[in-house]
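First up is the structure itself, then whatever we jot down about it.
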Amino acid sequence: MGGMSIELSELRDAAQKAFPADHLAPPRDTAWGAMAKMGWLMLPLSEDAGGLGLGRAALATIHAEMGRMLSRAPLVPALGVLRALESGEALADRSQWLERLATGEYIAASLDFTDASPGTLRAVPDADMASHVLVTGPGLVALAPTADATLVETRLWDDTRRLFDVTPGASLTVVARGAGAEAITARLREDLMLGIAADALGGAGAVLAMTVDYLRTRRQFERPLAMFQALKHRCADLKTQIEAAEALLLARAVEGARAQDIGAMKALACETFRFTAEEAIQLHGGIGLTQEHACHRFMKRAELNCWLAGSADALNEAAGRAELAG
Amino acid sequence: MGGMSIELSELRDAAQKAFPADHLAPPRDTAWGAMAKMGWLMLPLSEDAGGLGLGRAALATIHAEMGRMLSRAPLVPALGVLRALESGEALADRSQWLERLATGEYIAASLDFTDASPGTLRAVPDADMASHVLVTGPGLVALAPTADATLVETRLWDDTRRLFDVTPGASLTVVARGAGAEAITARLREDLMLGIAADALGGAGAVLAMTVDYLRTRRQFERPLAMFQALKHRCADLKTQIEAAEALLLARAVEGARAQDIGAMKALACETFRFTAEEAIQLHGGIGLTQEHACHRFMKRAELNCWLAGSADALNEAAGRAELAG
Amino acid sequence: MSDDTDLARLRSELRAWLAENAPRGWRAVSNHAAFAEAQRGWFLKLLEGGYAIPHWPAPWPGGGRTLAEQRVIYEELARADTPRLLLSFVSTYHAAATLMECASDAQRARYLPAILKGEFWCQGFSEPGAGSDLAALKCKAVRETRSGGDVYVVSGQKIWSTMAQYADRCLLLVRTASDGPKQAGITFLLMDMKARGVTVRPIEQIQGDEEFCEIFLDEVEVPVADRVGEEGAGWAVAQATLASERGLTLMELSYRMRGALWRVSDLIQAQGKAEDVAVLRAFGALIGRVDSACALADRYLDRRMAGEERVGDASLVKLTYSRVLREYARLGVSIGGLAEQLRAPITFGDLNTGNWMADYMNSYAWTIAGGSDEVQRNIIAERMLEMPREPKGWVA
Amino acid sequence: MSDDTDLARLRSELRAWLAENAPRGWRAVSNHAAFAEAQRGWFLKLLEGGYAIPHWPAPWPGGGRTLAEQRVIYEELARADTPRLLLSFVSTYHAAATLMECASDAQRARYLPAILKGEFWCQGFSEPGAGSDLAALKCKAVRETRSGGDVYVVSGQKIWSTMAQYADRCLLLVRTASDGPKQAGITFLLMDMKARGVTVRPIEQIQGDEEFCEIFLDEVEVPVADRVGEEGAGWAVAQATLASERGLTLMELSYRMRGALWRVSDLIQAQGKAEDVAVLRAFGALIGRVDSACALADRYLDRRMAGEERVGDASLVKLTYSRVLREYARLGVSIGGLAEQLRAPITFGDLNTGNWMADYMNSYAWTIAGGSDEVQRNIIAERMLEMPREPKGWVA
């Protein structure tokens with residue numbers, strides 16, 4: 001990612017060592033255990049609370065690495081929720097909650113921002129392994145136990161993700177109320193957008209690298225495909241788009257970035273991944289159409305990412321309105 | 001254009017002979033005189049009325065040729081108005097009017113479909129050489145003499161066109177009323193859309209041919225630019241888009257085509273020209289940025305065409321709505 | 001363009017016949033074996049009606065149709081939403097053209113009637129190592145006397161054979177010589193798919209279908225009597241027949257896409273986006289593009305009928321269709337939103353199913369297979385625009 | 001990233017200074033002579049303030065700034081909407097870098113102070129016959145004794161020299177040998193634009209400006225004392241200094257574009273499209289793109305500061321800026337509709353003027369000049385992605 005601090009490069013290197021690029025989409029539960037062991041579940045927790053005190057730049061770094069290797073573990077909602085609970089003024093036994101999360105307990109949250117279905121939370125990642133799901137509403141943030149909820153898994157094209165529709169029961173543990181709840185909800189959404197955007201750009205970089213490798217290796221008409229200028233230029237355009245979106249991701253991965261700016265960035269990042277994956281399949285030719293080759297897994301993850309944590313249409317429209325009003 | 005009748009190929013050949021491609025944008029008034037002499041001003045007039053009785057396919061053919069050589073003469077509105085007057089049940093001395101038009105008198109019409117300015121007609125081509133301007137309104141089609149009108153010329157980027165804002169005076173000659181007027185207005189709009197679309201595709205073909213010639217001739221890095229595959233593929237994409245849009249133009253250049261289908265075709269044709277001209281300048285490199293080279297004249301005409309006889313946004317929206325309703 | 005009287009009569013006869021005979025509910029088929037049977041049934045039914053092989057010469061049943069008549073037939077079959085004859089495609093087009101134009105009388109007498117009994121054929125042209133460079137194929141055939149006969153012993157691998165698991169016979173390109181120009185060492189064989197040494201492995205595709213197969217050939221014996229043309233003349237035989245169907249196929253598929261625009265309308269309504277101007281404009285732009293694909297395919301057929309086909313015309317049609325098909329599917333994916341990311345059952349043998357992600361993935365088959373978009377662009381640039389050919393070699 | 005104390009102090013000092021000194025109404029200038037004078041005046045004013053040449057080393061006045069300080073200065077100059085120093089660009093960047101890094105003490109002593117008096121320089125690199133292949137230049141220089149001195153006699157033609165009609169001196173690449181590799185025969189001269197035999201012809205551009213010029217050289221005598229480096233070493237001299245400004249320039253221009261987004265807002269309001277969701281979405285997408293161009297330029301500077309610049313990084317920044325600038329202008333053209341097709345007066349020296357068609361046409365200068373988009377793509381593919389280089393020759 002370049003120009004990053006030593007702390008972040010170390011984090012990146014550790015992630016690449018723990019989850020090498022040649023072993024895509026490792027099993028969720030073992031990966032989750034490894035993440036807990038490496039302390040990633042308390043990455044953003046303040047040092048006072050026993051965490052590493054790393055900010056959004058670290059979140060962007062780690063989520064990008066998870067995108068690169070098609071992680072099945074729900075680190076994006078997990079870390080968002082961790083930060084939400086840490087700010088949860090009304091949460092009794094807060095430090096115990098944080099300790100439980102830091103050591104491996106998972107609390108899920110919805111990645112569907114359309115709010116279409118009161119009563120049921122859509123697109124909740126890995127609710128099957130969650131103890132609770134975070135519920136946000138006007139002036140209220142609370143935890144609902146999954147033991148008490150109805151979970152319905154939705155079958156996805158993306159085979160690296162599991163999403164559930166969750167209908168919570170009656171019992172709720174209050175995390176925050178009033179303005180505090182609004183602030184937590186807003187920040188959670190920003191974290192989720194940042195997380196999905198980082199995931200997307202990690203994936204985009206990986207699928208482009210895979211494509212360039214293929215073109216360099218594969219020979220047709222007595223030369224490597226990578227010699228054909230039309231293909232070179234398409235790869236160069238993808239590289240340029242990815243680098244620009246990555247630069248913007250890092251610029252937005254700070255506290256205090258405005259929600260509309262994070263949203264526009266998320267839209268750009270996800271469209272960049274989507275287009276890169278689309279081109280990657282085309283550039284791989286027939287082999288890209290087979291289940292055996294990893295190309296399609298990136299493509300399906302890219303398509304899904306476009307709809308998690310806000311769609312491009314919704315986010316761009318909001319950014320446009322904000323600029324007009326501003 | 002291919003697959004065309006002998007009559008149409010003859011018309012096309014005559015146009016190419018009269019207005020060769022190496023003499024772009026000849027002076028308007030001499031071109032207009034030549035057109036009258038060749039009988040083009042009565043092309044669509046029925047044979048009973050002394051015309052050639054050629055239909056919309058002929059209009060598409062001739063307007064495409066005019067686009068190809070950046071014609072300055074207002075043939076698109078002229079032939080649209082001719083057809084309007086021929087159907088003008090309420091027009092006294094109709095045959096004299098038609099004869100006057102067929103021999104060189106010009107009656108103008110607005111090419112602005114937004115109807116933004118009651119009282120003033122916007123985007124009226126060459127009103128300075130018009131005896132009258134056609135005024136259309138709810139249940140009324142009439143002629144307003146320009147002698148009696150205020151003409152304000154608007155300065156355009158496109159130096160091959162002249163457009164005027166025309167505020168007619170009080171005196172009007174009625175052409176049609178009621179349902180007849182509505183039908184004439186509708187058909188006139190279709191004719192104008194077809195005319196501008198044909199103009200666009202003629203221009204697109206010409207500017208692509210010019211670009212391919214340039215790339216074949218110009219050498220860089222010890223080879224013709226046309227050897228670079230990235231440039232070849234871009235030209236091939238332009239060629240494909242132009243051929244597809246041309247095929248659609250010919251399919252829509254028939255009586256009875258639905259307005260929304262002609263509109264969607266017009267939007268596609270004009271966007272095809274616009275994109276072709278944009279790519280043409282890029283592919284010409286520095287020389288394309290000079291006034292000396294003809295590239296920019298096609299580009300400016302392409303940009304203007306996008307807004308004459310309906311914009312892509314308006315026409316595509318209408319086509320989408322019609323399909324939804326249908 | 002209005003039909004003349006004969007065409008109008010054909011059209012109304014066919015409509016009446018379809019009202020009686022068009023299969024219903026064929027999209028609900030959920031396994032390939034049943035799909036293959038349904039395909040065979042519909043082919044035999046069409047043959048009975050006289051509409052299965054309009055492009056074959058008379059006196060084959062229903063043959064001897066003009067191109068204009070063929071177009072009417074395909075338009076009506078698409079309009080009536082009948083299944084494409086996916087499994088009879090190779091047998092009635094490529095195999096038939098090969099047999100009629102290049103084969104011996106004995107071969108014709110044996111195989112053409114079998115096709116009309118419902119034999120399915122597949123194509124064994126592509127190889128894993130060759131990709132777009134078809135002539136680089138390596139599948140090796142050595143002429144020997146074995147099992148008491150004069151045979152080619154064939155070993156190698158083929159790929160992207162559509163539904164080869166249900167095929168009875170295969171149009172096979174093999175290498176019989178490896179010195180000299182690569183095209184010159186290619187020979188054309190007709191191979192029995194039930195022969196010993198033939199193994200078919202369906203390829204699991206990204207949308208979950210297994211339409212394409214790999215074919216593994218391990219010392220398969222193909223009688224020399226089943227060679228088409230001379231040894232080493234296989235490339236010319238393949239070229240002669242490869243594009244035999246392109247115009248009609250793409251006309252049919254373009255009109256099928258046009259006929260499926262209601263799926264976009266339904267989706268817009270279901271998503272409550274009928275007043276979203278961005279969606280309406282995108283839909284309108286798509287309509288123009290789909291219509292242009294139809295018009296271009298039509299014009300291509302017109303040119304062919306008029307004997308005015310230009311080199312590269314087929315590439316224009318293929319490239320346009322493949323791009324528009326992608327745009328069609330993408331618009332559906334983007335209007336449908338998160339709901340389209342939920343995996344739904346796929347439909348066999350149809351490209352515009354309303355399962356938008358599946359349609360999107362299927363659309364790659366058209367941008368990659370049968371001459372990728374990249375190959376088409378080369379052809380258009382080099383053969384129509386007369387830009388220089390890709391060099392044969394280079395100096396680094 | 002928050003400024004540290006020194007940077008924050010620089011920023012507030014500069015803001016205070018700009019509040020006093022920033023020129024007003026500079027966009028209204030309607031002829032080039034007045035524009036050139038205004039440019040010179042603003043350069044001298046900035047020099048007086050200590051902000052004109054922050055990238056020069058100390059003890060030049062205002063020099064010796066860190067890259068971080070330079071960034072602050074350019075950000076603030078853009079934010080205060082002051083004119084770009086278009087006419088001092090070559091003199092303070094390329095000429096200065098050439099003189100400082102490659103020239104003799106005598107040359108430095110003579111020319112650097114002249115630059116600070118407000119001399120304008122131009123670049124004589126490109127030629128009509130060479131295009132992107134800069135090293136193919138043909139402008140010929142022969143060493144002779146003439147007018148009693150040791151001179152190069154130069155004849156040939158240069159093109160795309162920005163505002164050469166107002167330049168005092170020219171960085172000139174000439175060919176002194178035509179055998180051997182084309183790069184090896186190139187020599188770097190400093191030419192007096194007032195010398196006999198120099199003719200400048202402004203090129204009428206498509207938006208009506210005449211910012212670029214052709215320079216015709218007819219036996220122009222350039223003293224050998226004005227040669228930089230050895231004869232035949234000109235290519236290396238040019239390469240060393242060509243990209244000297246790229247990061248800061250593109251950072252400045254990207255932030256200027258960001259700062260000009262209000263023009264899009266105004267246009268949307270004026271066109272009554274504040275509730276057109278298609279327009280809003282397109283605007284939002286543009287905002288993301290513009291912000292990404294700013295962020296990429298920033299990251300490039302960060303990398304340079306950290307000594308981590310990669311080959312190709314400058315190409316990423318240039319290609320991104322040029323594409324986004326095009327998108328910015330196109331969105332304005334498409335929102336503005338027919339009204340944008342009416343020809344309005346142009347603004348000199350600004351790229352985001354709100355005259356959308358003029359801005360659109362101006363944007364080509366960035367996709368074509370200074371290494372076209374196509375050349376940047378080659379660099380990125382070959383140098384960053386390690387794809388094979390374009391072959392030097394070929395076999396047809």
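Ordering of the structure tokens sets the chain letters (A, B, ...); residue numbers start at 1 within each chain; ligands are numbered from 1 in the order shown.
These are the residues of region 75-166 of chain B assigned strand (DSSP E or B) by DSSP from backbone coordinates: Ile107, Ala108, Leu121, Arg122, Ala123, Val124, Pro125, His132, Val133, Leu134, Val135, Thr136, Gly137, Leu140, Val141, Ala142, Leu143, Ala144, Pro145, Thr150, Leu151, Val152, Glu153, Thr154, Leu156, Leu163, Phe164, Asp165 and Val166 of chain B.
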N, CA, C and O atoms of the current selection, written as a compact mmCIF listing (two decimals), in the first residue's frame:
# COMPACT_ATOMS: atom_id res chain seq x y z
N ILE B 107 -37.81 27.14 -45.44
CA ILE B 107 -38.60 27.40 -44.23
C ILE B 107 -37.96 26.63 -43.08
O ILE B 107 -37.73 25.43 -43.19
N ALA B 108 -37.65 27.35 -42.03
CA ALA B 108 -36.89 26.77 -40.92
C ALA B 108 -37.81 26.20 -39.85
O ALA B 108 -39.02 26.44 -39.84
N LEU B 121 -38.56 30.67 -30.37
CA LEU B 121 -38.09 29.37 -30.84
C LEU B 121 -36.57 29.36 -30.75
O LEU B 121 -35.91 30.23 -31.30
N ARG B 122 -36.04 28.36 -30.06
CA ARG B 122 -34.59 28.25 -29.91
C ARG B 122 -34.03 27.32 -30.97
O ARG B 122 -34.75 26.45 -31.47
N ALA B 123 -32.76 27.47 -31.22
CA ALA B 123 -32.03 26.53 -32.08
C ALA B 123 -32.71 26.36 -33.44
O ALA B 123 -32.99 25.24 -33.88
N VAL B 124 -32.97 27.47 -34.08
CA VAL B 124 -33.53 27.43 -35.43
C VAL B 124 -32.38 27.57 -36.42
O VAL B 124 -31.70 28.59 -36.45
N PRO B 125 -32.12 26.54 -37.23
CA PRO B 125 -30.96 26.60 -38.12
C PRO B 125 -31.17 27.61 -39.25
O PRO B 125 -32.25 27.66 -39.85
N HIS B 132 -39.69 31.81 -43.83
CA HIS B 132 -40.60 31.62 -42.70
C HIS B 132 -39.97 30.64 -41.72
O HIS B 132 -39.01 29.95 -42.03
N VAL B 133 -40.61 30.57 -40.57
CA VAL B 133 -40.25 29.54 -39.63
C VAL B 133 -41.53 28.80 -39.24
O VAL B 133 -42.60 29.43 -39.11
N LEU B 134 -41.42 27.48 -39.13
CA LEU B 134 -42.60 26.68 -38.79
C LEU B 134 -42.80 26.75 -37.28
O LEU B 134 -41.88 26.50 -36.51
N VAL B 135 -44.02 27.08 -36.90
CA VAL B 135 -44.35 27.18 -35.48
C VAL B 135 -45.31 26.05 -35.14
O VAL B 135 -46.31 25.87 -35.83
N THR B 136 -44.98 25.26 -34.12
CA THR B 136 -45.90 24.19 -33.71
C THR B 136 -46.35 24.44 -32.29
O THR B 136 -45.57 24.90 -31.45
N GLY B 137 -47.61 24.19 -32.06
CA GLY B 137 -48.14 24.38 -30.71
C GLY B 137 -49.32 23.45 -30.53
O GLY B 137 -49.65 22.71 -31.45
N LEU B 140 -52.01 23.27 -33.31
CA LEU B 140 -51.77 24.25 -34.37
C LEU B 140 -50.37 24.09 -34.95
O LEU B 140 -49.39 23.97 -34.22
N VAL B 141 -50.33 24.09 -36.29
CA VAL B 141 -49.05 24.22 -36.98
C VAL B 141 -49.21 25.39 -37.94
O VAL B 141 -50.21 25.46 -38.66
N ALA B 142 -48.26 26.32 -37.90
CA ALA B 142 -48.39 27.51 -38.74
C ALA B 142 -47.04 28.00 -39.21
O ALA B 142 -45.99 27.54 -38.73
N LEU B 143 -47.09 28.92 -40.17
CA LEU B 143 -45.86 29.52 -40.68
C LEU B 143 -45.80 30.97 -40.23
O LEU B 143 -46.78 31.71 -40.35
N ALA B 144 -44.62 31.38 -39.71
CA ALA B 144 -44.44 32.78 -39.34
C ALA B 144 -43.35 33.37 -40.22
O ALA B 144 -42.27 32.78 -40.33
N PRO B 145 -43.63 34.49 -40.88
CA PRO B 145 -42.61 35.07 -41.75
C PRO B 145 -41.43 35.62 -40.94
O PRO B 145 -41.64 36.24 -39.89
N THR B 150 -38.02 38.54 -34.83
CA THR B 150 -36.71 38.95 -34.32
C THR B 150 -35.78 37.74 -34.37
O THR B 150 -36.11 36.69 -33.83
N LEU B 151 -34.63 37.91 -35.00
CA LEU B 151 -33.66 36.82 -35.09
C LEU B 151 -32.42 37.19 -34.28
O LEU B 151 -31.87 38.27 -34.46
N VAL B 152 -32.00 36.31 -33.42
CA VAL B 152 -30.75 36.53 -32.68
C VAL B 152 -29.86 35.32 -32.90
O VAL B 152 -30.22 34.20 -32.51
N GLU B 153 -28.73 35.54 -33.53
CA GLU B 153 -27.85 34.41 -33.79
C GLU B 153 -27.07 34.06 -32.52
O GLU B 153 -26.62 34.94 -31.79
N THR B 154 -26.95 32.76 -32.26
CA THR B 154 -26.13 32.31 -31.13
C THR B 154 -24.80 31.83 -31.68
O THR B 154 -24.75 31.11 -32.67
N LEU B 156 -21.72 29.57 -31.90
CA LEU B 156 -21.57 28.15 -31.55
C LEU B 156 -20.12 27.71 -31.60
O LEU B 156 -19.31 28.25 -32.34
N LEU B 163 -27.20 28.73 -35.74
CA LEU B 163 -28.50 28.61 -35.06
C LEU B 163 -28.96 29.99 -34.59
O LEU B 163 -28.14 30.83 -34.22
N PHE B 164 -30.25 30.15 -34.59
CA PHE B 164 -30.85 31.42 -34.20
C PHE B 164 -31.94 31.21 -33.17
O PHE B 164 -32.61 30.17 -33.16
N ASP B 165 -32.12 32.21 -32.32
CA ASP B 165 -33.34 32.30 -31.53
C ASP B 165 -34.30 33.17 -32.32
O ASP B 165 -33.94 34.29 -32.72
N VAL B 166 -35.48 32.67 -32.54
CA VAL B 166 -36.44 33.40 -33.37
C VAL B 166 -37.69 33.72 -32.57
O VAL B 166 -38.31 32.81 -32.01
Write down, as a PyMOL selection string, each residue of chain A that has any atom within 9 Å of an atom of chain C, counting only C-alpha atoms. chain A and resi 112+123+154-158+218-223+230-231+281-283+285-292+296-297+300+303-304+306-308+311
Taking into account only C-alpha atoms, which residue in the set C:Val395, C:Leu14, C:Cys139, C:Cys170 is nearest to chain D? C:Val395
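Applying a distance limit of 12 Å to only C-alpha atoms, the residues of chain A near chain B read Ala226, Met227, Phe228, Gln229, Ala230, Leu231, Lys232, His233, Arg234, Cys235, Ala236 and Asp237 of chain A.
Note that CA of Thr120 (chain A) and CA of Val175 (chain A) are 19.1 Å apart.
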Write out as a VMD selection string each polymer residue whose atoms come within 10 Å of region 8-19 of chain B, counting only C-alpha atoms; drop sequence neighbours fewer than 6 positions from it. chain B and resid 1 to 2 25 to 26 31 34 to 35 38 40 43 54 57 to 66 68 to 71
Which residues are close to Glu190 (chain A), i.e. within 7 Å by only C-alpha atoms, leaving aside same-chain residues fewer than 4 positions away? Reply as a tab-separated table (two decimals) with C-alpha atoms, in the first residue's frame.
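That gives us around27.tsv:
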chain	number	residue	atom	x	y	z
A	186	ALA	CA	-22.99	6.70	12.31
A	194	LEU	CA	-14.30	1.44	5.13
A	259	ALA	CA	-19.63	10.12	6.04
A	262	ILE	CA	-16.28	7.76	2.98
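Proximity to Asn305 (chain A) was assessed for A:Ser46, A:Ser87, A:Thr160, A:Ser171 counting only C-alpha atoms; the smallest distance is recorded for A:Thr160.
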I need the helix (DSSP H, G or I) residues of region 67-242 of chain C per DSSP on the backbone, written as a PyMOL selection string. chain C and resi 67-79+89-102+105-116+134-136+164-166+182-185+224-226+234-242
